[in-house]
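Trainee: My structure is stored as protein-v8.tsv, with TSV, C-alpha atoms.
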chain	number	residue	atom	x	y	z
A	1	MET	CA	-3.27	-5.59	29.95
A	2	ASN	CA	0.39	-6.56	29.62
A	3	PRO	CA	2.83	-3.73	30.13
A	4	ILE	CA	4.12	-2.96	26.65
A	5	PRO	CA	7.23	-0.81	26.81
A	6	PRO	CA	7.53	2.21	24.50
A	7	ASN	CA	8.78	1.30	21.04
A	8	PRO	CA	12.24	2.89	20.79
A	9	ASP	CA	11.61	4.30	17.32
A	10	ALA	CA	8.02	5.48	17.76
A	11	SER	CA	8.58	7.05	21.15
A	12	GLY	CA	11.58	9.23	20.35
A	13	SER	CA	12.91	11.60	17.73
A	14	ASN	CA	16.22	13.26	16.97
A	15	GLY	CA	14.88	16.49	18.50
A	16	ASN	CA	15.51	18.56	15.37
A	17	GLN	CA	12.38	20.69	14.91
A	18	GLU	CA	12.76	21.00	11.15
A	19	ASP	CA	12.93	17.20	10.84
A	20	ILE	CA	9.99	16.74	13.21
A	21	ASP	CA	7.90	19.24	11.23
A	22	SER	CA	8.73	17.47	8.00
A	23	ASP	CA	7.68	14.09	9.39
A	24	ASN	CA	4.52	15.60	10.84
A	25	GLN	CA	3.55	16.94	7.40
A	26	LEU	CA	4.05	13.46	6.00
A	27	ARG	CA	2.03	12.03	8.90
A	28	ASP	CA	-0.90	14.17	7.79
A	29	LEU	CA	-0.52	12.83	4.27
A	30	PHE	CA	-0.35	9.15	5.26
A	31	THR	CA	-2.73	9.00	8.26
A	32	ASP	CA	-5.85	10.75	9.51
A	33	GLY	CA	-3.50	13.03	11.45
A	34	SER	CA	-3.39	10.89	14.56
A	35	GLY	CA	-0.43	8.62	13.80
A	36	ILE	CA	3.32	8.86	14.33
A	37	PHE	CA	5.53	9.18	11.24
A	38	ARG	CA	9.20	8.32	11.48
A	39	ALA	CA	11.59	9.06	8.63
A	40	VAL	CA	14.02	11.98	8.75
A	41	CYS	CA	13.45	12.60	12.48
A	42	SER	CA	14.14	8.99	13.53
A	43	ILE	CA	16.86	8.31	16.08
A	44	ARG	CA	17.86	5.36	13.86
A	45	ASN	CA	19.46	7.80	11.41
A	46	LEU	CA	23.18	8.46	11.63
A	47	PRO	CA	24.41	11.53	9.75
A	48	GLY	CA	26.46	10.68	6.68
A	49	ARG	CA	25.70	6.96	6.80
A	50	ASP	CA	23.23	4.71	5.05
A	51	THR	CA	20.57	3.69	7.58
A	52	HIS	CA	17.17	2.03	7.55
A	53	TYR	CA	15.48	5.29	6.55
A	54	GLN	CA	18.01	7.33	4.63
A	55	LEU	CA	21.10	7.29	2.46
A	56	GLY	CA	24.40	8.79	3.45
A	57	ASP	CA	23.70	11.67	1.05
A	58	GLY	CA	20.60	12.61	3.06
A	59	THR	CA	17.94	11.11	0.78
A	60	VAL	CA	15.10	9.90	2.99
A	61	HIS	CA	13.56	6.98	1.11
A	62	THR	CA	11.82	4.91	3.78
A	63	PHE	CA	9.37	5.63	6.57
A	64	HIS	CA	7.43	3.89	9.31
A	65	VAL	CA	3.92	4.74	10.44
A	66	TYR	CA	2.91	3.93	14.03
A	67	ALA	CA	-0.36	4.56	15.82
A	68	ASP	CA	1.09	5.19	19.28
A	69	GLU	CA	4.39	5.36	21.14
A	70	ARG	CA	4.09	1.74	22.24
A	71	ALA	CA	3.39	0.57	18.70
A	72	SER	CA	0.58	-1.51	20.14
A	73	LYS	CA	-2.40	-0.14	18.22
A	74	ARG	CA	-3.52	0.23	14.64
A	75	THR	CA	-4.51	3.28	12.67
A	76	ASN	CA	-5.77	3.76	9.14
A	77	LEU	CA	-3.13	4.11	6.43
A	78	TYR	CA	-3.65	6.55	3.56
A	79	VAL	CA	-1.84	7.01	0.27
A	80	PRO	CA	-1.33	10.47	-1.29
A	81	ARG	CA	-3.87	11.48	-3.90
A	82	GLY	CA	-1.75	11.09	-7.03
A	83	PHE	CA	-0.94	7.45	-6.26
A	84	SER	CA	-4.14	6.16	-7.74
A	85	LYS	CA	-3.07	2.71	-8.94
A	86	ILE	CA	-3.20	0.38	-5.94
A	87	ASN	CA	-1.85	-3.17	-6.29
A	88	TRP	CA	-2.02	-5.73	-3.50
A	89	ILE	CA	1.11	-7.84	-4.02
A	90	SER	CA	0.36	-10.22	-1.15
A	91	ASN	CA	-1.86	-10.26	1.94
A	92	SER	CA	0.04	-7.36	3.47
A	93	THR	CA	2.18	-5.77	0.73
A	94	VAL	CA	0.79	-2.95	-1.37
A	95	VAL	CA	2.33	-0.96	-4.22
A	96	ALA	CA	0.74	2.40	-4.99
A	97	THR	CA	1.78	4.00	-8.29
A	98	ASN	CA	1.36	7.54	-9.53
A	99	PRO	CA	0.45	7.27	-13.24
A	100	VAL	CA	1.73	10.78	-13.95
A	101	THR	CA	5.13	10.77	-12.24
A	102	LYS	CA	5.47	6.95	-12.45
A	103	GLU	CA	6.73	6.98	-8.85
A	104	ALA	CA	5.76	3.98	-6.73
A	105	ILE	CA	5.38	3.59	-2.97
A	106	ASN	CA	5.88	0.11	-1.57
A	107	PHE	CA	4.06	-0.56	1.69
A	108	TYR	CA	4.75	-3.57	3.91
A	109	HIS	CA	2.55	-4.80	6.79
A	110	VAL	CA	-0.76	-3.39	5.64
A	111	LYS	CA	-3.90	-4.92	7.12
A	112	LYS	CA	-6.89	-5.14	4.84
A	113	LEU	CA	-10.09	-3.44	5.87
A	114	PRO	CA	-13.49	-4.83	4.89
A	115	ALA	CA	-14.74	-1.33	4.06
A	116	LEU	CA	-12.67	1.76	3.47
A	117	PRO	CA	-13.34	5.16	5.07
A	118	PRO	CA	-13.45	8.35	2.99
A	119	PRO	CA	-10.24	10.19	2.07
A	120	ASN	CA	-8.41	12.14	4.77
A	121	PRO	CA	-8.48	15.98	4.86
A	122	LEU	CA	-5.55	16.15	2.40
A	123	GLY	CA	-7.36	13.94	-0.09
A	124	SER	CA	-5.24	10.84	0.52
A	125	LYS	CA	-7.05	7.57	0.00
A	126	CYS	CA	-7.26	4.91	2.70
A	127	ILE	CA	-5.82	1.52	1.67
A	128	GLY	CA	-6.04	-0.36	4.99
A	129	GLN	CA	-4.51	-0.23	8.43
A	130	ILE	CA	-1.00	-0.45	9.80
A	131	GLY	CA	0.06	-3.59	11.69
A	132	GLY	CA	-0.57	-6.20	9.01
A	133	GLY	CA	1.39	-9.43	8.59
A	134	GLY	CA	4.99	-9.18	9.79
A	135	ALA	CA	4.23	-6.25	12.07
A	136	ASP	CA	1.29	-7.40	14.16
A	137	ARG	CA	3.13	-8.06	17.41
A	138	PRO	CA	2.16	-5.58	20.15
A	139	GLY	CA	5.15	-3.28	20.53
A	140	ASP	CA	6.03	-3.49	16.83
A	141	MET	CA	2.80	-2.61	15.00
A	142	HIS	CA	3.65	-0.41	12.08
A	143	THR	CA	3.67	-0.05	8.33
A	144	HIS	CA	6.92	0.36	6.45
A	145	GLY	CA	7.00	2.31	3.19
A	146	THR	CA	9.57	3.31	0.56
A	147	LEU	CA	9.30	5.76	-2.34
A	148	PHE	CA	10.75	4.40	-5.59
A	149	LYS	CA	11.49	6.04	-8.93
A	150	ASN	CA	9.01	3.72	-10.60
A	151	ARG	CA	7.51	0.26	-10.38
A	152	ALA	CA	10.42	-1.44	-12.11
A	153	SER	CA	12.82	0.10	-9.60
A	154	ARG	CA	10.63	-1.16	-6.79
A	155	ASP	CA	10.67	-4.70	-8.14
A	156	GLU	CA	14.40	-4.72	-8.73
A	157	VAL	CA	15.33	-3.28	-5.34
A	158	GLU	CA	12.92	-5.47	-3.40
A	159	ARG	CA	14.28	-8.62	-5.07
A	160	TRP	CA	17.79	-7.53	-4.14
A	161	ARG	CA	16.76	-6.60	-0.60
A	162	MET	CA	15.19	-9.99	0.08
A	163	GLU	CA	18.07	-12.11	-1.24
A	164	PRO	CA	19.59	-12.75	2.25
A	165	THR	CA	16.31	-14.32	3.38
A	166	ILE	CA	16.47	-17.02	0.70
A	167	VAL	CA	17.93	-20.24	2.03
A	168	THR	CA	20.53	-21.87	-0.22
A	169	GLU	CA	23.57	-24.10	0.24
A	170	GLU	CA	25.72	-21.03	0.72
A	171	ASN	CA	23.15	-19.29	2.92
A	172	PRO	CA	21.84	-21.99	5.29
A	173	PHE	CA	19.50	-19.78	7.35
A	174	PRO	CA	17.27	-16.82	6.53
A	175	GLY	CA	19.08	-13.60	7.30
A	176	PHE	CA	17.73	-10.09	7.64
A	177	PRO	CA	16.68	-8.35	4.42
A	178	ARG	CA	19.17	-5.79	3.21
A	179	ASP	CA	18.54	-2.15	3.94
A	180	ILE	CA	18.30	0.09	0.93
A	181	ASN	CA	21.73	1.69	0.55
A	182	SER	CA	23.75	3.96	-1.71
A	183	ASP	CA	24.30	1.12	-4.21
A	184	VAL	CA	20.66	1.42	-5.26
A	185	ALA	CA	20.37	5.21	-4.84
A	186	ASP	CA	19.21	5.67	-8.43
A	187	HIS	CA	16.08	3.67	-7.73
A	188	VAL	CA	14.73	5.60	-4.75
A	189	ARG	CA	13.31	9.06	-4.22
A	190	ASP	CA	13.15	11.36	-1.21
A	191	ILE	CA	9.82	10.90	0.53
A	192	ARG	CA	9.83	14.61	1.44
A	193	SER	CA	9.26	15.42	-2.22
A	194	LEU	CA	5.63	14.43	-1.62
A	195	ILE	CA	5.02	17.33	0.77
B	1	MET	CA	34.61	-9.06	31.78
B	2	ASN	CA	32.72	-7.30	34.54
B	3	LEU	CA	29.83	-6.54	32.23
B	4	ILE	CA	28.67	-10.10	32.45
B	5	SER	CA	26.93	-10.28	35.74
B	6	GLY	CA	26.53	-13.39	37.85
B	7	CYS	CA	22.91	-13.73	36.90
B	8	LEU	CA	23.91	-14.80	33.41
B	9	ALA	CA	24.62	-18.49	33.46
B	10	MET	CA	26.77	-18.72	30.39
B	11	SER	CA	27.89	-22.00	29.02
B	12	LEU	CA	30.02	-20.70	26.18
B	13	ILE	CA	31.30	-17.34	25.11
B	14	ILE	CA	32.22	-16.68	21.51
B	15	PRO	CA	34.50	-13.67	21.17
B	16	GLY	CA	33.04	-11.02	18.93
B	17	THR	CA	35.15	-10.53	15.88
B	18	ILE	CA	35.45	-7.17	14.25
B	19	VAL	CA	34.97	-7.45	10.52
B	20	THR	CA	34.89	-4.57	8.13
B	21	HIS	CA	32.83	-5.98	5.31
B	22	GLU	CA	29.40	-7.48	5.39
B	23	ARG	CA	29.35	-11.07	4.18
B	24	GLU	CA	26.78	-11.00	1.48
B	25	ALA	CA	24.64	-14.04	0.97
B	26	GLN	CA	25.53	-15.65	-2.30
B	27	ALA	CA	21.98	-16.52	-3.07
B	28	THR	CA	21.03	-17.08	-6.63
B	29	VAL	CA	18.86	-14.23	-7.77
B	30	ALA	CA	15.41	-15.46	-8.34
B	31	ARG	CA	12.13	-13.75	-8.80
B	32	TRP	CA	10.48	-13.03	-5.49
B	33	VAL	CA	7.45	-15.22	-5.63
B	34	SER	CA	5.04	-12.65	-4.38
B	35	LEU	CA	5.76	-10.45	-7.36
B	36	ALA	CA	4.10	-13.01	-9.55
B	37	ASP	CA	0.63	-12.93	-8.16
B	38	GLU	CA	-0.19	-9.27	-7.96
B	39	HIS	CA	-3.66	-8.07	-8.65
B	40	ASP	CA	-5.82	-5.02	-8.29
B	41	GLU	CA	-8.37	-4.92	-5.52
B	42	ASN	CA	-10.88	-2.39	-4.45
B	43	TYR	CA	-12.35	-3.25	-1.11
B	44	SER	CA	-14.98	-0.59	-1.14
B	45	ASN	CA	-16.59	-2.46	-4.03
B	46	GLN	CA	-16.75	-5.77	-2.25
B	47	PRO	CA	-20.21	-7.25	-1.71
B	48	ASN	CA	-21.34	-8.03	1.85
B	49	GLY	CA	-19.37	-5.10	3.20
B	50	LEU	CA	-21.33	-4.91	6.47
B	51	ALA	CA	-21.02	-8.63	7.17
B	52	ASN	CA	-17.30	-8.46	6.47
B	53	TYR	CA	-16.95	-5.50	8.77
B	54	GLN	CA	-18.69	-7.34	11.61
B	55	VAL	CA	-16.31	-10.28	11.19
B	56	PHE	CA	-13.43	-7.81	11.16
B	57	GLN	CA	-14.61	-6.16	14.39
B	58	SER	CA	-14.98	-9.54	16.05
B	59	GLU	CA	-11.44	-10.49	14.98
B	60	GLN	CA	-10.10	-7.20	16.32
B	61	GLU	CA	-11.76	-7.81	19.68
B	62	LYS	CA	-10.36	-11.33	19.81
B	63	GLU	CA	-6.91	-9.99	19.03
B	64	GLN	CA	-7.14	-7.39	21.80
B	65	GLN	CA	-8.10	-10.13	24.23
B	66	GLN	CA	-5.10	-12.19	23.12
B	67	GLN	CA	-2.86	-9.18	23.66
B	68	SER	CA	-4.02	-8.85	27.23
B	69	ASP	CA	-3.59	-12.58	27.95
B	70	LYS	CA	-0.27	-13.30	26.31
B	71	PRO	CA	2.99	-12.24	28.01
B	72	LEU	CA	5.16	-10.31	25.59
B	73	ASP	CA	8.12	-12.66	26.11
B	74	GLN	CA	5.97	-15.46	24.71
B	75	TRP	CA	5.09	-13.54	21.57
B	76	PRO	CA	7.74	-14.08	18.87
B	77	MET	CA	9.40	-10.93	17.65
B	78	GLU	CA	9.18	-10.28	13.92
B	79	CYS	CA	12.08	-9.52	11.62
B	80	GLU	CA	11.73	-5.75	11.57
B	81	GLY	CA	11.07	-5.55	15.30
B	82	ALA	CA	14.36	-7.35	15.90
B	83	ALA	CA	16.20	-5.11	13.42
B	84	THR	CA	14.89	-2.01	15.19
B	85	ARG	CA	16.01	-3.34	18.59
B	86	LEU	CA	19.45	-4.20	17.26
B	87	ASP	CA	19.86	-0.75	15.70
B	88	PHE	CA	19.03	0.92	18.98
B	89	ALA	CA	21.32	-1.43	20.88
B	90	VAL	CA	24.19	-0.45	18.58
B	91	ILE	CA	23.41	3.26	18.91
B	92	ASN	CA	23.16	3.07	22.70
B	93	THR	CA	26.32	0.97	23.03
B	94	ARG	CA	28.29	3.51	21.02
B	95	LYS	CA	27.13	6.24	23.37
B	96	LEU	CA	28.84	4.50	26.29
B	97	GLU	CA	32.58	4.73	26.17
B	98	GLY	CA	34.23	1.31	26.23
B	99	ALA	CA	30.91	-0.50	26.43
B	100	TYR	CA	30.20	-3.90	24.92
B	101	LEU	CA	27.01	-5.04	23.32
B	102	ILE	CA	26.25	-8.50	24.67
B	103	LEU	CA	23.81	-10.88	23.03
B	104	VAL	CA	22.79	-13.97	24.97
B	105	ALA	CA	20.91	-16.76	23.17
B	106	ARG	CA	18.77	-19.12	25.20
B	107	LEU	CA	16.94	-22.18	23.97
B	108	GLY	CA	13.29	-22.59	24.89
B	109	SER	CA	11.00	-25.53	25.62
B	110	GLY	CA	11.15	-28.29	23.03
B	111	GLU	CA	14.28	-26.91	21.34
B	112	VAL	CA	16.96	-29.58	21.25
B	113	SER	CA	19.27	-28.72	18.36
B	114	ARG	CA	22.76	-28.00	19.63
B	115	THR	CA	23.42	-25.64	16.79
B	116	LEU	CA	20.23	-23.59	17.07
B	117	ASN	CA	21.62	-20.94	19.42
B	118	GLN	CA	24.72	-20.59	17.28
B	119	THR	CA	22.67	-20.19	14.11
B	120	ARG	CA	20.48	-17.56	15.73
B	121	LEU	CA	23.48	-15.62	16.98
B	122	LYS	CA	25.16	-15.83	13.58
B	123	SER	CA	22.10	-14.33	11.93
B	124	VAL	CA	22.04	-11.45	14.39
B	125	GLU	CA	25.80	-10.95	14.13
B	126	GLN	CA	25.53	-10.57	10.36
B	127	TYR	CA	23.02	-7.79	10.92
B	128	LEU	CA	25.21	-6.05	13.53
B	129	LEU	CA	28.17	-6.04	11.17
B	130	ARG	CA	26.17	-3.98	8.68
B	131	ARG	CA	26.23	-1.17	11.22
B	132	GLY	CA	30.01	-0.78	11.12
B	133	ALA	CA	33.16	-2.39	12.36
B	134	ASP	CA	33.71	-0.16	15.37
B	135	LEU	CA	31.28	-2.00	17.62
B	136	LYS	CA	32.58	-4.15	20.45
B	137	TYR	CA	30.30	-7.08	21.04
B	138	VAL	CA	30.09	-10.49	22.66
B	139	LEU	CA	27.89	-13.41	21.65
B	140	ALA	CA	27.01	-15.91	24.34
B	141	HIS	CA	24.85	-18.94	25.05
B	142	GLY	CA	22.75	-18.81	28.21
B	143	SER	CA	20.81	-21.43	30.14
B	144	ARG	CA	17.59	-22.93	28.80
B	145	LEU	CA	14.21	-21.33	29.56
B	146	LYS	CA	10.63	-22.50	29.80
B	147	GLY	CA	8.53	-21.23	26.92
B	148	LEU	CA	9.98	-19.54	23.86
B	149	GLY	CA	13.71	-19.32	23.22
B	150	ARG	CA	15.11	-15.84	22.98
B	151	ILE	CA	18.03	-13.55	22.42
B	152	GLU	CA	18.64	-11.06	25.19
B	153	ILE	CA	20.39	-7.76	24.49
B	154	TYR	CA	22.60	-6.24	27.17
B	155	VAL	CA	23.94	-2.73	26.74
B	156	GLY	CA	26.54	-1.52	29.20
B	157	GLY	CA	25.80	-4.53	31.41
B	158	GLN	CA	22.06	-3.80	31.62
B	159	LEU	CA	19.33	-5.93	30.08
B	160	ALA	CA	17.95	-3.73	27.30
B	161	GLU	CA	15.68	-6.04	25.29
B	162	ILE	CA	14.27	-9.54	25.18
B	163	MET	CA	13.68	-10.85	21.67
B	164	PRO	CA	11.66	-14.10	21.67
B	165	LEU	CA	11.79	-16.42	18.67
B	166	ARG	CA	9.33	-18.90	17.23
B	167	LYS	CA	9.92	-22.46	18.43
B	168	ASN	CA	12.89	-23.95	16.55
B	169	ALA	CA	13.18	-20.91	14.26
B	170	LYS	CA	16.71	-20.30	12.99
B	171	GLY	CA	16.27	-16.56	13.13
B	172	PHE	CA	13.78	-13.71	13.30
B	173	CYS	CA	13.10	-13.46	9.58
B	174	ALA	CA	10.96	-15.76	7.52
B	175	ALA	CA	12.66	-17.59	4.71
B	176	GLY	CA	12.14	-15.94	1.36
B	177	ARG	CA	11.19	-17.99	-1.64
B	178	ALA	CA	13.42	-18.41	-4.65
What do you get writing this file as structure tokens?
Mentor:
Amino acid sequence: MNPIPPNPDASGSNGNQEDIDSDNQLRDLFTDGSGIFRAVCSIRNLPGRDTHYQLGDGTVHTFHVYADERASKRTNLYVPRGFSKINWISNSTVVATNPVTKEAINFYHVKKLPALPPPNPLGSKCIGQIGGGGADRPGDMHTHGTLFKNRASRDEVERWRMEPTIVTEENPFPGFPRDINSDVADHVRDIRSLI
Amino acid sequence: MNLISGCLAMSLIIPGTIVTHEREAQATVARWVSLADEHDENYSNQPNGLANYQVFQSEQEKEQQQQSDKPLDQWPMECEGAATRLDFAVINTRKLEGAYLILVARLGSGEVSRTLNQTRLKSVEQYLLRRGADLKYVLAHGSRLKGLGRIEIYVGGQLAEIMPLRKNAKGFCAAGRA
């Protein structure tokens, strides 16, 4: 087996126990309890600034799920009970909507399973595995999720986020997608509200 | 600059410029194509579930075998993997007083475009600039390699990450569709 170094995000946390506990509760909601959940406790967060996971005001909108510290394995991915409307947008993108609250979770890099296991102990429903298209390289296997106010917000923000990847005369090569930032704060919700 | 050790055979160094504002792509807003073909699916209701599962298991085993055979520096890094590495490189560079973040682009086998390294570095630079203007960085071209081209990240003079790219790819991210 090739030596796969620890993934810098999966293998470390900010060390704040309250943040770690919060992410662990979300881990239990989104996995069978065996995965690694990175959101508020990620080292990628910088207090007071918009980052990949959170806004400068502290709203934690995005999360990653890993199976192990090397991000080299897959684990089943579950969606909280209320998010009963599951839409596969592409081979690896899923939007789960809660018909009561209207909130929507967008998942990237989900791998389809031919048969789904029963719900996890918290009643979350399995939708596939982490490490689908765009995140299937050993060392980077994960699923990326964001909680949106509703489906329309999801669609609007994702279109905006992906604009830098579209090649045009003014943009001759595909850039990195935008991170969600304070400009679109109205469209996202704090993932910790699901606990 | 003593951070650039002799082992880096650099052909050209582009000074890193400090810019305060991200240059936004002026792409025309168009509907993301994948939004158009959404549909509901329930896999537990699929027929031939057992047969599908056996195919799935066989694919998983094949994939594990590939993982053990393929060196990681010959496995192209995806968009988000590169973004994660760049974020950590910025964070770790800021922890070291006076340190530079150095990115060295190297062409791989079968890559002949003279502008490819520059395009790749530009893409990565645009991402770095989103993380603030206080970062000191250097972009450089290195010697050609066998196999996949790459961008190497050096933090405080130490090799921190190797980010391989698909052959002739202009960057780590796939082109979106208008």
Trainee: Around (23.4, -21.3, 12.6) in the file's frame, which residues reach within 10 Å when counting only C-alpha atoms? Return as an MDAnalysis selection string?
Mentor: (chainID A and resid 171:174) or (chainID B and resid 114:123 170:171)
Trainee: So that I can check the surroundings of Gly82 (chain A), please list as a list in words every protein, DNA and RNA residue that reaches within 9 Å of it, counting only C-alpha atoms and ignoring chain neighbours fewer than 6 positions away.
Mentor: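 Skipping anything fewer than 6 positions along the chain leaves Thr97, Asn98, Pro99, Val100, Thr101 and Ser124 of chain A.
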Trainee: Please report as a PyMOL selection string which residues of chain A come no farther than 8 Å from chain B, using all atoms listed in the file.
Mentor: chain A and resi 1-2+4+8-9+44+86-90+113-116+134-135+137-138+140+155+159-160+162-168+170-171+173-176
Trainee: Please determine, counting only C-alpha atoms, which residue among A:Arg81, A:His142, A:Arg49, A:Lys111 has the shortest atom-to-atom distance to Asp68 (chain A).
Mentor: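 So, comparing all the options, the nearest one is A:His142.
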Trainee: Skip Ile180 (chain A) itself and residues of its chain fewer than 4 positions away, then list as a compact mmCIF listing (two decimals) with C-alpha atoms, in the frame of the given file all residues within 10 Å of it, counting all atoms listed in the file.
Mentor:
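Result written to selection-v2.txt:
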# COMPACT_ATOMS: atom_id res chain seq x y z
CA ASP A 50 23.23 4.71 5.05
CA THR A 51 20.57 3.69 7.58
CA HIS A 52 17.17 2.03 7.55
CA TYR A 53 15.48 5.29 6.55
CA GLN A 54 18.01 7.33 4.63
CA LEU A 55 21.10 7.29 2.46
CA HIS A 61 13.56 6.98 1.11
CA THR A 62 11.82 4.91 3.78
CA THR A 146 9.57 3.31 0.56
CA VAL A 157 15.33 -3.28 -5.34
CA GLU A 158 12.92 -5.47 -3.40
CA TRP A 160 17.79 -7.53 -4.14
CA ARG A 161 16.76 -6.60 -0.60
CA VAL A 184 20.66 1.42 -5.26
CA ALA A 185 20.37 5.21 -4.84
CA HIS A 187 16.08 3.67 -7.73
CA VAL A 188 14.73 5.60 -4.75
Trainee: Fewer than 2 positions away in the same chain doesn't count, so skip those; otherwise give me all residues within 9 Å of Ile102 (chain B), counting all atoms listed in the file, as a list in words.
Mentor: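 Listed by chain and then number, they are Leu3, Ile4, Tyr100, Val104, Lys136, Tyr137, Val138, Leu139, Ala140, Glu152, Ile153, Tyr154, Val155, Gly156 and Gly157 of chain B.
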Trainee: Which is closest to Ser11 (chain A) among A:Pro177, A:Gly139, A:Pro47, A:Gly145, if we use all atoms listed in the file?
Mentor: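 Closest to Ser11 (chain A), using all atoms listed in the file: A:Gly139.
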Trainee: Excluding Asn168 (chain B) and residues on its chain fewer than 6 positions from it, collect all residues at most 10 Å away from it, counting all atoms listed in the file, and give them as a list of chain:residue names.
Mentor: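 Using all atoms listed in the file, the neighbours found are B:Leu107, B:Gly108, B:Ser109, B:Gly110, B:Glu111, B:Val112, B:Ser113, B:Leu116, B:Asn117, B:Arg120, B:Leu148, B:Gly149.
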Trainee: Could you work out how far CA of Lys112 (chain A) lies from CA of Leu194 (chain A), giving the answer in Å with one decimal?
Mentor: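 Interatomic distance, CA of Leu194 (chain A) to CA of Lys112 (chain A): 24.1 Å.
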Trainee: How many Å lie between CA of Lys102 (chain A) and CA of Arg151 (chain A), rounded to one decimal?
Mentor: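 Taking CA of Lys102 (chain A) as the start and CA of Arg151 (chain A) as the end point, the length is 7.3 Å.
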Trainee: From the list A:Pro119, A:Thr143, A:Phe63, A:Leu46, which residue is nearest Val94 (chain A) when using all atoms listed in the file?
Mentor: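 Selected residue with least distance to Val94 (chain A): A:Thr143.
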Trainee: For Glu69 (chain A), work out the shell of residues within 8 Å, counting all atoms listed in the file and skipping chain neighbours fewer than 3 positions away, then give it as a VMD selection string.
Mentor: chain A and resid 6 to 7 10 to 11 36 66 72
